[in-house]
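Trainee: Got model_6.cif for you, mmCIF, C-alpha atoms:
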data_target
loop_
_atom_site.label_atom_id
_atom_site.label_comp_id
_atom_site.auth_asym_id
_atom_site.auth_seq_id
_atom_site.Cartn_x
_atom_site.Cartn_y
_atom_site.Cartn_z
CA THR A 1 3.87 -26.89 2.32
CA TYR A 2 4.67 -26.29 -1.34
CA LEU A 3 4.13 -28.52 -4.34
CA ASN A 4 7.64 -27.87 -5.67
CA GLN A 5 10.37 -25.22 -5.74
CA PHE A 6 8.58 -23.23 -8.46
CA HIS A 7 5.43 -23.11 -6.32
CA LYS A 8 7.44 -21.80 -3.35
CA GLU A 9 9.33 -19.13 -5.27
CA ALA A 10 6.32 -17.94 -7.28
CA THR A 11 4.10 -17.79 -4.20
CA GLU A 12 6.63 -15.82 -2.15
CA ARG A 13 7.20 -13.39 -5.04
CA LYS A 14 3.46 -12.85 -5.55
CA MET A 15 2.82 -12.33 -1.84
CA ARG A 16 5.52 -9.64 -1.79
CA LYS A 17 3.82 -7.95 -4.76
CA ILE A 18 0.42 -8.03 -3.05
CA ALA A 19 1.88 -6.54 0.14
CA ALA A 20 3.61 -3.81 -1.87
CA SER A 21 0.45 -2.94 -3.81
CA GLN A 22 -1.43 -2.51 -0.54
CA MET B 1 -24.49 -18.45 17.04
CA ALA B 2 -23.16 -16.18 14.25
CA LYS B 3 -24.91 -13.24 15.90
CA ALA B 4 -23.51 -14.08 19.33
CA GLY B 5 -20.02 -14.39 17.86
CA GLY B 6 -20.29 -11.13 15.95
CA TYR B 7 -20.12 -12.90 12.59
CA TRP B 8 -23.61 -12.02 11.36
CA ILE B 9 -24.12 -9.40 8.64
CA PRO B 10 -27.77 -8.54 7.99
CA MET B 11 -28.36 -8.37 4.23
CA MET B 12 -29.53 -4.77 4.63
CA ASP B 13 -25.99 -3.90 5.79
CA ILE B 14 -24.21 -5.77 3.02
CA PHE B 15 -23.14 -2.61 1.18
CA ASP B 16 -21.19 -1.58 4.27
CA LEU B 17 -18.64 -4.23 3.25
CA GLY B 18 -17.47 -2.20 0.26
CA VAL B 19 -18.13 -0.98 -3.26
CA PRO B 20 -20.03 -3.55 -5.36
CA GLY B 21 -17.80 -5.30 -7.89
CA PRO B 22 -18.76 -7.85 -10.54
CA SER B 23 -20.96 -10.81 -9.67
CA GLY B 24 -20.13 -14.33 -10.76
CA ASN B 25 -22.03 -17.59 -10.69
CA GLU B 26 -21.45 -18.12 -6.98
CA ASN B 27 -20.20 -14.81 -5.59
CA ASP B 28 -21.28 -11.20 -5.27
CA THR B 29 -18.18 -9.10 -4.69
CA TYR B 30 -17.64 -5.99 -2.58
CA VAL B 31 -14.38 -4.07 -2.76
CA ALA B 32 -12.79 -2.69 0.40
CA GLU B 33 -9.46 -0.91 0.84
CA LYS B 34 -7.26 -4.02 0.88
CA LEU B 35 -9.70 -6.90 0.50
CA ILE B 36 -12.41 -8.26 -1.73
CA PHE B 37 -15.43 -9.53 0.17
CA LYS B 38 -17.28 -12.36 -1.56
CA VAL B 39 -20.82 -13.19 -0.52
CA ASN B 40 -21.23 -16.79 -1.61
CA ASN B 41 -24.60 -18.26 -2.60
CA LEU B 42 -23.29 -21.88 -2.42
CA LEU B 43 -24.53 -22.54 -5.97
CA ASN B 44 -21.30 -24.37 -6.89
CA SER B 45 -20.30 -25.76 -3.50
CA GLY B 46 -23.72 -26.93 -2.35
CA SER B 47 -23.10 -26.50 1.37
CA ILE B 48 -21.17 -24.37 3.83
CA VAL B 49 -18.99 -27.34 4.83
CA ALA B 50 -18.16 -28.09 1.18
CA LEU B 51 -17.27 -24.42 0.61
CA LEU B 52 -14.96 -24.37 3.64
CA LYS B 53 -13.25 -27.57 2.44
CA LYS B 54 -12.75 -26.00 -0.98
CA ILE B 55 -11.26 -22.89 0.62
CA LEU B 56 -8.79 -25.01 2.59
CA MET B 57 -7.66 -26.74 -0.61
CA HIS B 58 -7.49 -23.41 -2.48
CA ASN B 59 -5.24 -22.02 0.25
CA LEU B 60 -2.91 -25.02 -0.04
CA LEU B 61 -2.60 -24.84 -3.82
CA PHE B 62 -2.87 -21.07 -4.34
CA PRO B 63 -1.68 -19.46 -1.10
CA ASP B 64 -1.01 -16.06 -2.69
CA THR B 65 -4.75 -15.65 -3.25
CA ALA B 66 -5.76 -17.34 0.00
CA TYR B 67 -9.30 -16.94 1.25
CA SER B 68 -10.25 -16.11 4.82
CA PHE B 69 -13.61 -16.72 6.42
CA TYR B 70 -15.29 -13.48 7.51
CA GLY B 71 -18.84 -14.27 8.57
CA PHE B 72 -22.36 -14.99 7.43
CA ALA B 73 -24.76 -12.68 5.64
CA GLY B 74 -28.44 -13.18 5.10
CA PHE B 75 -31.97 -12.53 6.18
CA ASP B 76 -32.64 -13.42 9.80
CA GLY B 77 -34.35 -16.79 10.08
CA ARG B 78 -34.38 -17.34 6.31
CA THR B 79 -31.19 -17.45 4.24
CA VAL B 80 -27.53 -17.73 5.20
CA GLN B 81 -24.64 -16.97 2.85
CA PRO B 82 -21.00 -17.34 3.90
CA VAL B 83 -18.82 -14.25 3.43
CA ILE B 84 -15.18 -14.85 2.57
CA THR B 85 -12.36 -12.44 1.81
CA GLN B 86 -9.43 -12.45 -0.56
CA PRO B 87 -6.57 -9.98 -1.06
CA ARG B 88 -6.94 -7.49 -3.91
CA ILE B 89 -4.80 -8.34 -6.96
CA ALA B 90 -3.85 -5.06 -8.62
CA ASP B 91 -2.35 -4.32 -12.04
CA ALA B 92 -3.35 -7.60 -13.65
CA HIS B 93 -5.65 -8.79 -16.41
CA PRO B 94 -7.26 -12.11 -17.40
CA ALA B 95 -4.70 -14.77 -18.31
CA THR B 96 -4.96 -16.70 -21.56
CA GLN B 97 -5.70 -20.42 -21.48
CA VAL B 98 -2.14 -21.15 -22.66
CA MET B 99 -0.73 -19.15 -19.72
CA ILE B 100 -3.00 -21.03 -17.33
CA ASP B 101 -2.03 -24.42 -18.79
CA THR B 102 1.67 -23.54 -18.56
CA TYR B 103 1.36 -22.39 -14.94
CA MET B 104 -0.49 -25.51 -13.84
CA ALA B 105 2.09 -27.70 -15.61
CA ALA B 106 4.82 -25.90 -13.65
CA LEU B 107 2.97 -26.83 -10.45
CA GLY B 108 2.99 -30.48 -11.52
CA PHE B 109 -0.59 -30.73 -12.77
CA GLU B 110 -1.59 -32.49 -15.96
CA LYS B 111 -4.30 -31.24 -18.28
CA THR B 112 -7.34 -33.40 -18.65
CA THR B 113 -9.40 -33.62 -21.81
CA GLN B 114 -11.64 -30.80 -20.55
CA GLU B 115 -10.34 -27.25 -20.98
CA GLY B 116 -9.41 -25.62 -17.69
CA ARG B 117 -9.39 -28.93 -15.79
CA PHE B 118 -6.21 -30.35 -14.24
CA SER B 119 -5.12 -33.17 -11.96
CA ASN B 120 -1.95 -34.03 -10.07
CA GLY B 121 -3.16 -37.36 -8.73
CA THR B 122 -4.09 -35.83 -5.37
CA TYR B 123 -6.22 -32.86 -6.35
CA GLU B 124 -8.46 -32.18 -9.30
CA VAL B 125 -8.85 -28.49 -10.14
CA TRP B 126 -11.29 -27.15 -12.70
CA ASP B 127 -12.89 -23.95 -13.99
CA LEU B 128 -9.40 -22.50 -14.46
CA VAL B 129 -10.37 -20.27 -17.34
CA PRO B 130 -9.56 -16.61 -18.11
CA ARG B 131 -12.40 -15.18 -16.00
CA ASN B 132 -10.93 -16.86 -12.90
CA VAL B 133 -7.20 -16.33 -13.41
CA LEU B 134 -5.18 -13.11 -13.63
CA VAL B 135 -1.70 -12.42 -14.96
CA ASP B 136 0.43 -9.38 -14.14
CA GLU B 137 2.97 -7.53 -16.27
CA ASP B 138 5.76 -9.86 -15.10
CA GLY B 139 3.80 -12.93 -16.15
CA ASP B 140 2.97 -14.02 -12.61
CA ILE B 141 -0.30 -15.96 -12.47
CA PHE B 142 -2.94 -15.42 -9.77
CA VAL B 143 -5.70 -18.02 -9.47
CA VAL B 144 -8.59 -16.06 -8.02
CA ASP B 145 -11.30 -18.68 -8.18
CA ALA B 146 -11.26 -22.42 -8.81
CA GLU B 147 -13.27 -25.53 -8.19
CA ILE B 148 -11.18 -28.13 -6.36
CA LYS B 149 -11.68 -31.63 -5.04
CA HIS B 150 -9.44 -34.13 -3.30
CA ILE B 151 -9.23 -37.29 -5.41
#
For the file at hand, write its structure as structure tokens.
Mentor:
Amino acid sequence: TYLNQFHKEATERKMRKIAASQ
Amino acid sequence: MAKAGGYWIPMMDIFDLGVPGPSGNENDTYVAEKLIFKVNNLLNSGSIVALLKKILMHNLLFPDTAYSFYGFAGFDGRTVQPVITQPRIADAHPATQVMIDTYMAALGFEKTTQEGRFSNGTYEVWDLVPRNVLVDEDGDIFVVDAEIKHI
């Protein structure tokens, strides 16, 4: 559950970055 | 019970978790290949249950830096400290207070009169200051540590 659309998009983008950095 | 479940880490084995990182008010950190282990002294939370509740709220609000429960460390029959993990956030540096304020506003939180403290009517989040929040080269904000309560 996301707080708003920004929360959803930012979270998904950051999780992709974390996965890539690993 | 932690021993029987395989969740007990004797304090003498704590350095097996990883390379020691910086220590904060509540956490000693150990760096592993993909994770940060945090051995938590409960100084801020006060109890294991309160810490686990805070982690649940952190994971709702800041899922990109979600915590997982790993186990308990301590001295047998004396002290118990929960051990939690968090993904490593690479290529980032401490965010400025303005960046933090802007990010929280985008999530729908309002600043309170105290710096680093925010509320959205459901949750109150505080201690969001540069030592607890990172920003990467794209401007993405990562909240690594926060105090949170349900209002």
Trainee: With a distance threshold of 12 Å and counting all atoms listed in the file, extract the residues of chain B near chain A and express them as an NGL selection string.
Mentor: :B and (32-35 or 57 or 59-66 or 86-92 or 103-109 or 120 or 122-123 or 134-143)
Trainee: What lies within 12 Å of Lys53 of chain B using only C-alpha atoms, ignoring chain neighbours under 6 positions off, as an NGL selection string?
Mentor: :B and (45-47 or 59-60 or 67 or 69 or 147-150)
Trainee: Just give me the gap between atom CA of Thr102 of chain B and atom CA of Ile151 of chain B in Å, one decimal is fine.
Mentor: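 So the two atoms, atom CA of Thr102 of chain B and atom CA of Ile151 of chain B, lie 21.9 Å apart.
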Trainee: For segment 85-93 of chain B, take all atoms listed in the file, fit an axis-aligned box around them, add 6 Å to each of the six sides, then output centre and edge lengths in Å rounded to one decimal, as lines of an AutoDock Vina configuration file.
Mentor:
center_x = -7.4
center_y = -8.4
center_z = -7.3
size_x = 22.0
size_y = 20.1
size_z = 30.2
Trainee: Tell me which protein, DNA and RNA residues are within 10 Å of Val80 of chain B, counting all atoms listed in the file, leaving out same-chain ones fewer than 3 positions away, and put them as a count of residues only.
Mentor: 17
Trainee: Using atom CA of Glu115 of chain B and atom CA of Asn44 of chain B as the two end points, give the distance in Å to one decimal.
Mentor: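 Atom-to-atom, atom CA of Glu115 of chain B and atom CA of Asn44 of chain B are spaced 18.1 Å apart.
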Trainee: I'd like to see the residues matched by the PyMOL selection byres ((chain B and resi 23) around 12) on this file, and ideally I'd get them as a list of chain:residue names.
Mentor: B:Pro20, B:Gly21, B:Pro22, B:Gly24, B:Asn25, B:Glu26, B:Asn27, B:Asp28, B:Thr29, B:Tyr30, B:Val31, B:Ile36, B:Phe37, B:Lys38, B:Val39, B:Asn40, B:Asn41, B:Arg131
Trainee: Once you have the residues from the selection above, write them out as a compact mmCIF listing (two decimals), in the frame of the given file, restricted to C-alpha atoms.
Mentor:
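Final output, selection_39.txt:
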# COMPACT_ATOMS: atom_id res chain seq x y z
CA PRO B 20 -20.03 -3.55 -5.36
CA GLY B 21 -17.80 -5.30 -7.89
CA PRO B 22 -18.76 -7.85 -10.54
CA GLY B 24 -20.13 -14.33 -10.76
CA ASN B 25 -22.03 -17.59 -10.69
CA GLU B 26 -21.45 -18.12 -6.98
CA ASN B 27 -20.20 -14.81 -5.59
CA ASP B 28 -21.28 -11.20 -5.27
CA THR B 29 -18.18 -9.10 -4.69
CA TYR B 30 -17.64 -5.99 -2.58
CA VAL B 31 -14.38 -4.07 -2.76
CA ILE B 36 -12.41 -8.26 -1.73
CA PHE B 37 -15.43 -9.53 0.17
CA LYS B 38 -17.28 -12.36 -1.56
CA VAL B 39 -20.82 -13.19 -0.52
CA ASN B 40 -21.23 -16.79 -1.61
CA ASN B 41 -24.60 -18.26 -2.60
CA ARG B 131 -12.40 -15.18 -16.00
Trainee: Set the distance at 10 Å and use only C-alpha atoms: which residues neighbour Thr112 of chain B once local chain neighbours fewer than 3 positions away are removed? I'd like the list as a PyMOL selection string.
Mentor: chain B and resi 109+115-119+124-126
Trainee: Would you compute the distance between atom CA of Ile84 of chain B and atom CA of Asp13 of chain B? Give it in Å to one decimal.
Mentor: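 Between atom CA of Ile84 of chain B and atom CA of Asp13 of chain B the gap works out to 15.7 Å.
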Trainee: For the structure just given, write the atoms of segment 104-131 of chain B, namely N, CA and C atoms, as a short mmCIF file (atom, residue, chain, number, x, y, z; two decimals), in the first residue's frame.
Mentor:
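File written: result_4.cif
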data_model
loop_
_atom_site.label_atom_id
_atom_site.label_comp_id
_atom_site.auth_asym_id
_atom_site.auth_seq_id
_atom_site.Cartn_x
_atom_site.Cartn_y
_atom_site.Cartn_z
N MET B 104 9.41 14.58 2.40
CA MET B 104 8.29 14.23 3.28
C MET B 104 7.02 14.95 2.84
N ALA B 105 7.16 16.18 2.35
CA ALA B 105 5.99 16.91 1.84
C ALA B 105 5.40 16.17 0.64
N ALA B 106 6.27 15.62 -0.21
CA ALA B 106 5.79 14.88 -1.38
C ALA B 106 5.04 13.61 -0.97
N LEU B 107 5.37 13.09 0.20
CA LEU B 107 4.67 11.90 0.71
C LEU B 107 3.37 12.28 1.44
N GLY B 108 3.12 13.58 1.56
CA GLY B 108 1.89 14.02 2.20
C GLY B 108 2.03 14.34 3.68
N PHE B 109 3.27 14.47 4.14
CA PHE B 109 3.51 14.80 5.55
C PHE B 109 3.68 16.31 5.71
N GLU B 110 3.25 16.80 6.85
CA GLU B 110 3.46 18.21 7.17
C GLU B 110 4.55 18.33 8.23
N LYS B 111 5.35 19.38 8.08
CA LYS B 111 6.38 19.65 9.10
C LYS B 111 5.71 20.09 10.38
N THR B 112 6.29 19.71 11.49
CA THR B 112 5.85 20.26 12.77
C THR B 112 6.81 21.38 13.13
N THR B 113 6.66 21.93 14.31
CA THR B 113 7.53 23.03 14.70
C THR B 113 8.94 22.55 15.04
N GLN B 114 9.09 21.23 15.23
CA GLN B 114 10.41 20.68 15.58
C GLN B 114 11.09 20.19 14.31
N GLU B 115 12.35 20.58 14.12
CA GLU B 115 13.07 20.18 12.92
C GLU B 115 13.18 18.65 12.82
N GLY B 116 12.88 18.14 11.63
CA GLY B 116 13.00 16.70 11.41
C GLY B 116 11.82 15.90 11.91
N ARG B 117 10.73 16.60 12.26
CA ARG B 117 9.53 15.92 12.78
C ARG B 117 8.35 16.23 11.86
N PHE B 118 7.61 15.18 11.49
CA PHE B 118 6.54 15.32 10.49
C PHE B 118 5.32 14.51 10.92
N SER B 119 4.17 14.92 10.40
CA SER B 119 2.94 14.18 10.69
C SER B 119 2.04 14.20 9.47
N ASN B 120 1.32 13.09 9.26
CA ASN B 120 0.32 13.08 8.19
C ASN B 120 -1.07 12.78 8.74
N GLY B 121 -1.21 12.93 10.06
CA GLY B 121 -2.50 12.67 10.68
C GLY B 121 -2.68 11.23 11.11
N THR B 122 -1.90 10.34 10.53
CA THR B 122 -1.95 8.92 10.91
C THR B 122 -0.66 8.51 11.60
N TYR B 123 0.45 8.96 11.04
CA TYR B 123 1.77 8.65 11.60
C TYR B 123 2.51 9.93 11.94
N GLU B 124 3.27 9.86 13.01
CA GLU B 124 4.22 10.92 13.33
C GLU B 124 5.61 10.33 13.18
N VAL B 125 6.45 11.02 12.43
CA VAL B 125 7.81 10.54 12.15
C VAL B 125 8.78 11.61 12.61
N TRP B 126 9.81 11.21 13.35
CA TRP B 126 10.78 12.21 13.79
C TRP B 126 12.20 11.66 13.74
N ASP B 127 13.14 12.55 14.02
CA ASP B 127 14.57 12.24 13.90
C ASP B 127 14.98 12.08 12.43
N LEU B 128 14.21 12.71 11.54
CA LEU B 128 14.59 12.70 10.12
C LEU B 128 15.54 13.87 9.88
N VAL B 129 16.78 13.61 10.16
CA VAL B 129 17.85 14.60 10.06
C VAL B 129 18.96 14.00 9.19
N PRO B 130 19.92 14.82 8.75
CA PRO B 130 20.91 14.32 7.78
C PRO B 130 21.61 13.01 8.17
N ARG B 131 21.85 12.75 9.44
CA ARG B 131 22.56 11.51 9.78
C ARG B 131 21.71 10.27 9.52
#
